[in-house]
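Participant: mmCIF, N, CA and C atoms, saved as work31.cif, coming up:
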```cif
data_protein
#
loop_
_atom_site.group_PDB
_atom_site.id
_atom_site.type_symbol
_atom_site.label_atom_id
_atom_site.label_comp_id
_atom_site.auth_asym_id
_atom_site.auth_seq_id
_atom_site.Cartn_x
_atom_site.Cartn_y
_atom_site.Cartn_z
ATOM 1 N N MET B 1 58.464 44.329 165.609
ATOM 2 C CA MET B 1 58.166 44.169 167.027
ATOM 3 C C MET B 1 59.469 44.078 167.827
ATOM 4 N N ASN B 2 59.411 44.538 169.028
ATOM 5 C CA ASN B 2 60.561 44.472 169.913
ATOM 6 C C ASN B 2 60.245 43.539 171.086
ATOM 7 N N PRO B 3 61.155 43.391 172.037
ATOM 8 C CA PRO B 3 60.921 42.460 173.147
ATOM 9 C C PRO B 3 59.659 42.747 173.968
ATOM 10 N N THR B 4 59.192 43.993 174.000
ATOM 11 C CA THR B 4 57.981 44.303 174.767
ATOM 12 C C THR B 4 56.724 43.851 174.045
ATOM 13 N N GLY B 5 56.845 43.508 172.771
ATOM 14 C CA GLY B 5 55.692 43.108 171.984
ATOM 15 C C GLY B 5 54.947 44.282 171.378
ATOM 16 N N LEU B 6 55.427 45.486 171.598
ATOM 17 C CA LEU B 6 54.797 46.684 171.046
ATOM 18 C C LEU B 6 55.536 47.133 169.794
ATOM 19 N N SER B 7 54.794 47.690 168.873
ATOM 20 C CA SER B 7 55.429 48.275 167.694
ATOM 21 C C SER B 7 56.110 49.578 168.112
ATOM 22 N N PRO B 8 57.059 50.054 167.323
ATOM 23 C CA PRO B 8 57.694 51.340 167.649
ATOM 24 C C PRO B 8 56.672 52.473 167.787
ATOM 25 N N ARG B 9 55.642 52.468 166.951
ATOM 26 C CA ARG B 9 54.625 53.509 167.034
ATOM 27 C C ARG B 9 53.845 53.406 168.348
ATOM 28 N N GLN B 10 53.487 52.180 168.759
ATOM 29 C CA GLN B 10 52.775 51.984 170.026
ATOM 30 C C GLN B 10 53.636 52.442 171.201
ATOM 31 N N GLU B 11 54.929 52.141 171.148
ATOM 32 C CA GLU B 11 55.821 52.601 172.205
ATOM 33 C C GLU B 11 55.873 54.118 172.265
ATOM 34 N N ALA B 12 55.912 54.763 171.099
ATOM 35 C CA ALA B 12 55.954 56.227 171.052
ATOM 36 C C ALA B 12 54.678 56.825 171.630
ATOM 37 N N VAL B 13 53.527 56.249 171.301
ATOM 38 C CA VAL B 13 52.252 56.743 171.821
ATOM 39 C C VAL B 13 52.198 56.542 173.331
ATOM 40 N N LEU B 14 52.597 55.375 173.808
ATOM 41 C CA LEU B 14 52.586 55.105 175.246
ATOM 42 C C LEU B 14 53.524 56.055 175.985
ATOM 43 N N ARG B 15 54.692 56.320 175.419
ATOM 44 C CA ARG B 15 55.642 57.250 176.029
ATOM 45 C C ARG B 15 55.054 58.663 176.073
ATOM 46 N N ALA B 16 54.381 59.081 174.996
ATOM 47 C CA ALA B 16 53.769 60.413 174.961
ATOM 48 C C ALA B 16 52.691 60.536 176.029
ATOM 49 N N VAL B 17 51.880 59.495 176.197
ATOM 50 C CA VAL B 17 50.833 59.507 177.233
ATOM 51 C C VAL B 17 51.478 59.585 178.612
ATOM 52 N N ARG B 18 52.484 58.752 178.837
ATOM 53 C CA ARG B 18 53.160 58.716 180.141
ATOM 54 C C ARG B 18 53.757 60.087 180.490
ATOM 55 N N GLU B 19 54.456 60.691 179.531
ATOM 56 C CA GLU B 19 55.085 61.991 179.771
ATOM 57 C C GLU B 19 54.048 63.083 180.025
ATOM 58 N N TRP B 20 52.958 63.074 179.243
ATOM 59 C CA TRP B 20 51.933 64.100 179.407
ATOM 60 C C TRP B 20 51.270 63.991 180.780
ATOM 61 N N ILE B 21 50.957 62.769 181.193
ATOM 62 C CA ILE B 21 50.336 62.578 182.517
ATOM 63 C C ILE B 21 51.287 63.035 183.605
ATOM 64 N N ALA B 22 52.583 62.746 183.467
ATOM 65 C CA ALA B 22 53.567 63.188 184.461
ATOM 66 C C ALA B 22 53.641 64.715 184.532
ATOM 67 N N GLU B 23 53.515 65.373 183.381
ATOM 68 C CA GLU B 23 53.612 66.831 183.322
ATOM 69 C C GLU B 23 52.323 67.536 183.738
ATOM 70 N N HIS B 24 51.161 66.957 183.400
ATOM 71 C CA HIS B 24 49.892 67.673 183.545
ATOM 72 C C HIS B 24 48.888 67.015 184.487
ATOM 73 N N GLY B 25 49.136 65.784 184.894
ATOM 74 C CA GLY B 25 48.247 65.118 185.832
ATOM 75 C C GLY B 25 46.981 64.538 185.229
ATOM 76 N N GLU B 26 46.842 64.619 183.920
ATOM 77 C CA GLU B 26 45.692 64.033 183.234
ATOM 78 C C GLU B 26 46.139 63.575 181.856
ATOM 79 N N GLY B 27 45.309 62.774 181.216
ATOM 80 C CA GLY B 27 45.658 62.253 179.900
ATOM 81 C C GLY B 27 45.647 63.333 178.834
ATOM 82 N N PRO B 28 46.443 63.147 177.789
ATOM 83 C CA PRO B 28 46.494 64.115 176.689
ATOM 84 C C PRO B 28 45.348 63.902 175.709
ATOM 85 N N SER B 29 45.083 64.908 174.907
ATOM 86 C CA SER B 29 44.096 64.758 173.836
ATOM 87 C C SER B 29 44.724 63.964 172.695
ATOM 88 N N VAL B 30 43.887 63.459 171.819
ATOM 89 C CA VAL B 30 44.364 62.707 170.663
ATOM 90 C C VAL B 30 45.256 63.600 169.799
ATOM 91 N N ARG B 31 44.897 64.855 169.644
ATOM 92 C CA ARG B 31 45.694 65.778 168.826
ATOM 93 C C ARG B 31 47.073 66.034 169.440
ATOM 94 N N VAL B 32 47.124 66.149 170.769
ATOM 95 C CA VAL B 32 48.408 66.351 171.448
ATOM 96 C C VAL B 32 49.309 65.136 171.232
ATOM 97 N N ILE B 33 48.756 63.946 171.380
ATOM 98 C CA ILE B 33 49.540 62.733 171.162
ATOM 99 C C ILE B 33 50.048 62.699 169.727
ATOM 100 N N GLY B 34 49.157 62.984 168.781
ATOM 101 C CA GLY B 34 49.548 62.991 167.375
ATOM 102 C C GLY B 34 50.697 63.949 167.105
ATOM 103 N N ALA B 35 50.629 65.134 167.693
ATOM 104 C CA ALA B 35 51.693 66.117 167.501
ATOM 105 C C ALA B 35 53.013 65.625 168.077
ATOM 106 N N ARG B 36 52.948 64.936 169.203
ATOM 107 C CA ARG B 36 54.169 64.447 169.851
ATOM 108 C C ARG B 36 54.802 63.268 169.133
ATOM 109 N N VAL B 37 54.014 62.464 168.466
ATOM 110 C CA VAL B 37 54.578 61.267 167.812
ATOM 111 C C VAL B 37 54.626 61.390 166.289
ATOM 112 N N GLY B 38 54.186 62.522 165.758
ATOM 113 C CA GLY B 38 54.283 62.757 164.325
ATOM 114 C C GLY B 38 53.161 62.146 163.506
ATOM 115 N N LEU B 39 51.975 62.002 164.094
ATOM 116 C CA LEU B 39 50.811 61.500 163.361
ATOM 117 C C LEU B 39 49.818 62.640 163.179
ATOM 118 N N SER B 40 49.457 62.932 161.948
ATOM 119 C CA SER B 40 48.489 64.010 161.721
ATOM 120 C C SER B 40 47.058 63.498 161.739
ATOM 121 N N SER B 41 46.873 62.202 161.571
ATOM 122 C CA SER B 41 45.531 61.619 161.550
ATOM 123 C C SER B 41 45.080 61.251 162.967
ATOM 124 N N THR B 42 43.991 61.877 163.419
ATOM 125 C CA THR B 42 43.484 61.553 164.753
ATOM 126 C C THR B 42 42.959 60.126 164.815
ATOM 127 N N SER B 43 42.476 59.611 163.692
ATOM 128 C CA SER B 43 41.990 58.228 163.705
ATOM 129 C C SER B 43 43.147 57.250 163.874
ATOM 130 N N SER B 44 44.319 57.564 163.351
ATOM 131 C CA SER B 44 45.497 56.716 163.550
ATOM 132 C C SER B 44 45.916 56.702 165.015
ATOM 133 N N VAL B 45 45.873 57.871 165.647
ATOM 134 C CA VAL B 45 46.206 57.955 167.073
ATOM 135 C C VAL B 45 45.189 57.165 167.879
ATOM 136 N N ALA B 46 43.908 57.343 167.584
ATOM 137 C CA ALA B 46 42.858 56.631 168.314
ATOM 138 C C ALA B 46 43.004 55.119 168.133
ATOM 139 N N TYR B 47 43.392 54.684 166.952
ATOM 140 C CA TYR B 47 43.614 53.254 166.715
ATOM 141 C C TYR B 47 44.733 52.730 167.618
ATOM 142 N N GLN B 48 45.840 53.460 167.670
ATOM 143 C CA GLN B 48 46.966 53.034 168.510
ATOM 144 C C GLN B 48 46.569 53.021 169.983
ATOM 145 N N LEU B 49 45.810 54.014 170.421
ATOM 146 C CA LEU B 49 45.337 54.039 171.802
ATOM 147 C C LEU B 49 44.420 52.852 172.082
ATOM 148 N N GLY B 50 43.576 52.531 171.128
ATOM 149 C CA GLY B 50 42.692 51.377 171.273
ATOM 150 C C GLY B 50 43.467 50.087 171.415
ATOM 151 N N ARG B 51 44.532 49.934 170.638
ATOM 152 C CA ARG B 51 45.369 48.734 170.734
ATOM 153 C C ARG B 51 46.030 48.663 172.109
ATOM 154 N N LEU B 52 46.512 49.806 172.617
ATOM 155 C CA LEU B 52 47.130 49.821 173.947
ATOM 156 C C LEU B 52 46.106 49.494 175.028
ATOM 157 N N GLU B 53 44.864 49.923 174.813
ATOM 158 C CA GLU B 53 43.793 49.618 175.766
ATOM 159 C C GLU B 53 43.486 48.120 175.755
ATOM 160 N N VAL B 54 43.420 47.521 174.585
ATOM 161 C CA VAL B 54 43.174 46.079 174.465
ATOM 162 C C VAL B 54 44.289 45.289 175.149
ATOM 163 N N LEU B 55 45.521 45.779 175.044
ATOM 164 C CA LEU B 55 46.658 45.111 175.663
ATOM 165 C C LEU B 55 46.716 45.325 177.179
ATOM 166 N N GLY B 56 45.832 46.176 177.702
ATOM 167 C CA GLY B 56 45.783 46.410 179.146
ATOM 168 C C GLY B 56 46.821 47.381 179.660
ATOM 169 N N LEU B 57 47.427 48.167 178.777
ATOM 170 C CA LEU B 57 48.446 49.119 179.193
ATOM 171 C C LEU B 57 47.864 50.464 179.603
ATOM 172 N N ILE B 58 46.689 50.776 179.081
ATOM 173 C CA ILE B 58 45.980 51.994 179.464
ATOM 174 C C ILE B 58 44.499 51.658 179.579
ATOM 175 N N SER B 59 43.776 52.533 180.260
ATOM 176 C CA SER B 59 42.313 52.412 180.313
ATOM 177 C C SER B 59 41.739 53.815 180.381
ATOM 178 N N ARG B 60 40.434 53.907 180.142
ATOM 179 C CA ARG B 60 39.737 55.192 180.203
ATOM 180 C C ARG B 60 38.656 55.120 181.259
ATOM 181 N N THR B 61 38.411 56.237 181.908
ATOM 182 C CA THR B 61 37.299 56.301 182.849
ATOM 183 C C THR B 61 36.070 56.930 182.203
ATOM 184 N N GLY B 62 36.243 57.470 181.013
ATOM 185 C CA GLY B 62 35.144 58.073 180.267
ATOM 186 C C GLY B 62 35.298 57.766 178.802
ATOM 187 N N ARG B 63 34.520 58.422 177.975
ATOM 188 C CA ARG B 63 34.600 58.177 176.526
ATOM 189 C C ARG B 63 35.822 58.819 175.889
ATOM 190 N N ARG B 64 36.262 59.932 176.442
ATOM 191 C CA ARG B 64 37.368 60.686 175.842
ATOM 192 C C ARG B 64 38.708 60.097 176.265
ATOM 193 N N TRP B 65 39.688 60.187 175.381
ATOM 194 C CA TRP B 65 41.013 59.659 175.683
ATOM 195 C C TRP B 65 41.712 60.480 176.753
ATOM 196 N N GLN B 66 41.253 61.689 177.000
ATOM 197 C CA GLN B 66 41.875 62.505 178.050
ATOM 198 C C GLN B 66 41.637 61.922 179.442
ATOM 199 N N THR B 67 40.741 60.955 179.545
ATOM 200 C CA THR B 67 40.498 60.313 180.832
ATOM 201 C C THR B 67 41.330 59.052 180.990
ATOM 202 N N CYS B 68 42.304 58.827 180.086
ATOM 203 C CA CYS B 68 43.074 57.581 180.141
ATOM 204 C C CYS B 68 44.025 57.570 181.326
ATOM 205 N N ARG B 69 44.275 56.383 181.807
ATOM 206 C CA ARG B 69 45.190 56.137 182.909
ATOM 207 C C ARG B 69 46.136 55.021 182.499
ATOM 208 N N LEU B 70 47.346 55.062 183.023
ATOM 209 C CA LEU B 70 48.340 54.023 182.729
ATOM 210 C C LEU B 70 48.157 52.852 183.676
ATOM 211 N N HIS B 71 48.528 51.677 183.185
ATOM 212 C CA HIS B 71 48.551 50.481 184.008
ATOM 213 C C HIS B 71 49.971 49.944 184.002
ATOM 214 N N PRO B 72 50.413 49.421 185.144
ATOM 215 C CA PRO B 72 51.804 48.917 185.208
ATOM 216 C C PRO B 72 52.045 47.734 184.308
#
```
Just give me the structure as structure tokens.
Facilitator:
Amino acid sequence: MNPTGLSPRQEAVLRAVREWIAEHGEGPSVRVIGARVGLSSTSSVAYQLGRLEVLGLISRTGRRWQTCRLHP
């Protein structure tokens, strides 16, 4: 853990989401995030996204992760 309280993997996933939203205006798919952070398992990516959601760093407006939004 680092000073932010996030694991390195969680930081990488959050950074990938932030960059994708900045580039495309919407959340990335689980597969896109996995490709950007080096995870081939979509369930691993979904787990990390779920942890970030529990921590209040992201939220979804729908069931799909592509509807995720960042929180300050």
Participant: Once the PyMOL selection byres ((chain B and resi 17) around 8) is applied to the coordinates I shared, what remains selected? I want it as an MDAnalysis selection string.
Facilitator: chainID B and resid 11:16 18:23 26:28 32:33 70
Participant: Produce a file of the selected residues containing N, CA and C atoms, as a short mmCIF file (atom, residue, chain, number, x, y, z; two decimals), keeping the file's coordinate frame.
Facilitator:
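Final file, again30.cif:
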```cif
data_model
loop_
_atom_site.label_atom_id
_atom_site.label_comp_id
_atom_site.auth_asym_id
_atom_site.auth_seq_id
_atom_site.Cartn_x
_atom_site.Cartn_y
_atom_site.Cartn_z
N GLU B 11 54.93 52.14 171.15
CA GLU B 11 55.82 52.60 172.20
C GLU B 11 55.87 54.12 172.26
N ALA B 12 55.91 54.76 171.10
CA ALA B 12 55.95 56.23 171.05
C ALA B 12 54.68 56.82 171.63
N VAL B 13 53.53 56.25 171.30
CA VAL B 13 52.25 56.74 171.82
C VAL B 13 52.20 56.54 173.33
N LEU B 14 52.60 55.38 173.81
CA LEU B 14 52.59 55.10 175.25
C LEU B 14 53.52 56.06 175.98
N ARG B 15 54.69 56.32 175.42
CA ARG B 15 55.64 57.25 176.03
C ARG B 15 55.05 58.66 176.07
N ALA B 16 54.38 59.08 175.00
CA ALA B 16 53.77 60.41 174.96
C ALA B 16 52.69 60.54 176.03
N ARG B 18 52.48 58.75 178.84
CA ARG B 18 53.16 58.72 180.14
C ARG B 18 53.76 60.09 180.49
N GLU B 19 54.46 60.69 179.53
CA GLU B 19 55.08 61.99 179.77
C GLU B 19 54.05 63.08 180.02
N TRP B 20 52.96 63.07 179.24
CA TRP B 20 51.93 64.10 179.41
C TRP B 20 51.27 63.99 180.78
N ILE B 21 50.96 62.77 181.19
CA ILE B 21 50.34 62.58 182.52
C ILE B 21 51.29 63.04 183.60
N ALA B 22 52.58 62.75 183.47
CA ALA B 22 53.57 63.19 184.46
C ALA B 22 53.64 64.72 184.53
N GLU B 23 53.52 65.37 183.38
CA GLU B 23 53.61 66.83 183.32
C GLU B 23 52.32 67.54 183.74
N GLU B 26 46.84 64.62 183.92
CA GLU B 26 45.69 64.03 183.23
C GLU B 26 46.14 63.58 181.86
N GLY B 27 45.31 62.77 181.22
CA GLY B 27 45.66 62.25 179.90
C GLY B 27 45.65 63.33 178.83
N PRO B 28 46.44 63.15 177.79
CA PRO B 28 46.49 64.11 176.69
C PRO B 28 45.35 63.90 175.71
N VAL B 32 47.12 66.15 170.77
CA VAL B 32 48.41 66.35 171.45
C VAL B 32 49.31 65.14 171.23
N ILE B 33 48.76 63.95 171.38
CA ILE B 33 49.54 62.73 171.16
C ILE B 33 50.05 62.70 169.73
N LEU B 70 47.35 55.06 183.02
CA LEU B 70 48.34 54.02 182.73
C LEU B 70 48.16 52.85 183.68
#
```
Participant: Which residues are close to Ala46 (chain B), i.e. within 10 Å by only C-alpha atoms, leaving aside same-chain residues fewer than 2 positions away? Reply as a ChimeraX atom specification.
Facilitator: /B:29-31,33-34,41-44,48-52,65
Participant: Once you have the residues from the selection above, write them out as a PDB file, in the frame of the given file, restricted to N, CA and C atoms.
Facilitator:
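The resulting file, result-v7.pdb, is shown below:
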```
ATOM      1  N   SER B  29      45.083  64.908 174.907  1.00  0.00           N
ATOM      2  CA  SER B  29      44.096  64.758 173.836  1.00  0.00           C
ATOM      3  C   SER B  29      44.724  63.964 172.695  1.00  0.00           C
ATOM      4  N   VAL B  30      43.887  63.459 171.819  1.00  0.00           N
ATOM      5  CA  VAL B  30      44.364  62.707 170.663  1.00  0.00           C
ATOM      6  C   VAL B  30      45.256  63.600 169.799  1.00  0.00           C
ATOM      7  N   ARG B  31      44.897  64.855 169.644  1.00  0.00           N
ATOM      8  CA  ARG B  31      45.694  65.778 168.826  1.00  0.00           C
ATOM      9  C   ARG B  31      47.073  66.034 169.440  1.00  0.00           C
ATOM     10  N   ILE B  33      48.756  63.946 171.380  1.00  0.00           N
ATOM     11  CA  ILE B  33      49.540  62.733 171.162  1.00  0.00           C
ATOM     12  C   ILE B  33      50.048  62.699 169.727  1.00  0.00           C
ATOM     13  N   GLY B  34      49.157  62.984 168.781  1.00  0.00           N
ATOM     14  CA  GLY B  34      49.548  62.991 167.375  1.00  0.00           C
ATOM     15  C   GLY B  34      50.697  63.949 167.105  1.00  0.00           C
ATOM     16  N   SER B  41      46.873  62.202 161.571  1.00  0.00           N
ATOM     17  CA  SER B  41      45.531  61.619 161.550  1.00  0.00           C
ATOM     18  C   SER B  41      45.080  61.251 162.967  1.00  0.00           C
ATOM     19  N   THR B  42      43.991  61.877 163.419  1.00  0.00           N
ATOM     20  CA  THR B  42      43.484  61.553 164.753  1.00  0.00           C
ATOM     21  C   THR B  42      42.959  60.126 164.815  1.00  0.00           C
ATOM     22  N   SER B  43      42.476  59.611 163.692  1.00  0.00           N
ATOM     23  CA  SER B  43      41.990  58.228 163.705  1.00  0.00           C
ATOM     24  C   SER B  43      43.147  57.250 163.874  1.00  0.00           C
ATOM     25  N   SER B  44      44.319  57.564 163.351  1.00  0.00           N
ATOM     26  CA  SER B  44      45.497  56.716 163.550  1.00  0.00           C
ATOM     27  C   SER B  44      45.916  56.702 165.015  1.00  0.00           C
ATOM     28  N   GLN B  48      45.840  53.460 167.670  1.00  0.00           N
ATOM     29  CA  GLN B  48      46.966  53.034 168.510  1.00  0.00           C
ATOM     30  C   GLN B  48      46.569  53.021 169.983  1.00  0.00           C
ATOM     31  N   LEU B  49      45.810  54.014 170.421  1.00  0.00           N
ATOM     32  CA  LEU B  49      45.337  54.039 171.802  1.00  0.00           C
ATOM     33  C   LEU B  49      44.420  52.852 172.082  1.00  0.00           C
ATOM     34  N   GLY B  50      43.576  52.531 171.128  1.00  0.00           N
ATOM     35  CA  GLY B  50      42.692  51.377 171.273  1.00  0.00           C
ATOM     36  C   GLY B  50      43.467  50.087 171.415  1.00  0.00           C
ATOM     37  N   ARG B  51      44.532  49.934 170.638  1.00  0.00           N
ATOM     38  CA  ARG B  51      45.369  48.734 170.734  1.00  0.00           C
ATOM     39  C   ARG B  51      46.030  48.663 172.109  1.00  0.00           C
ATOM     40  N   LEU B  52      46.512  49.806 172.617  1.00  0.00           N
ATOM     41  CA  LEU B  52      47.130  49.821 173.947  1.00  0.00           C
ATOM     42  C   LEU B  52      46.106  49.494 175.028  1.00  0.00           C
ATOM     43  N   TRP B  65      39.688  60.187 175.381  1.00  0.00           N
ATOM     44  CA  TRP B  65      41.013  59.659 175.683  1.00  0.00           C
ATOM     45  C   TRP B  65      41.712  60.480 176.753  1.00  0.00           C
TER      46      TRP B  65
END
```
Participant: Among the residues of chain B, find those DSSP assigns to alpha helix (DSSP H) from the backbone and print them as a PyMOL selection string.
Facilitator: chain B and resi 8-24+30-37+42-54
Participant: Please compute the atom N of Thr61 (chain B)-CA of Leu39 (chain B) distance, one decimal, in Å.
Facilitator: 22.9 Å
Participant: Suppose you want the space between atom C of Ile58 (chain B) and atom C of Gln10 (chain B); what is it in Å?
Facilitator: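 Here the two named atoms are 12.4 Å from each other.
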Participant: From a DSSP pass on the backbone, collect the residues of chain B flagged as strand (DSSP E) and hand them back as a PyMOL selection string.
Facilitator: chain B and resi 58-60+68-70
Participant: How big is the axis-aligned box around the listed atoms of region 24-29 of chain B once 8 Å is added on each side, and where is its centre? Give both in Å to one decimal, as AutoDock Vina command-line options.
Facilitator:
```
--center_x 47.6 --center_y 65.0 --center_z 179.3 --size_x 23.1 --size_y 21.4 --size_z 29.1
```
Participant: Closest to Tyr47 (chain B) among B:Gln66, B:Arg9, B:Pro72, B:Arg60, using only C-alpha atoms?
Facilitator: B:Arg9
Participant: Please compute the atom C of Ser7 (chain B)-CA of Val37 (chain B) distance, one decimal, in Å.
Facilitator: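 It comes out at 11.8 Å.
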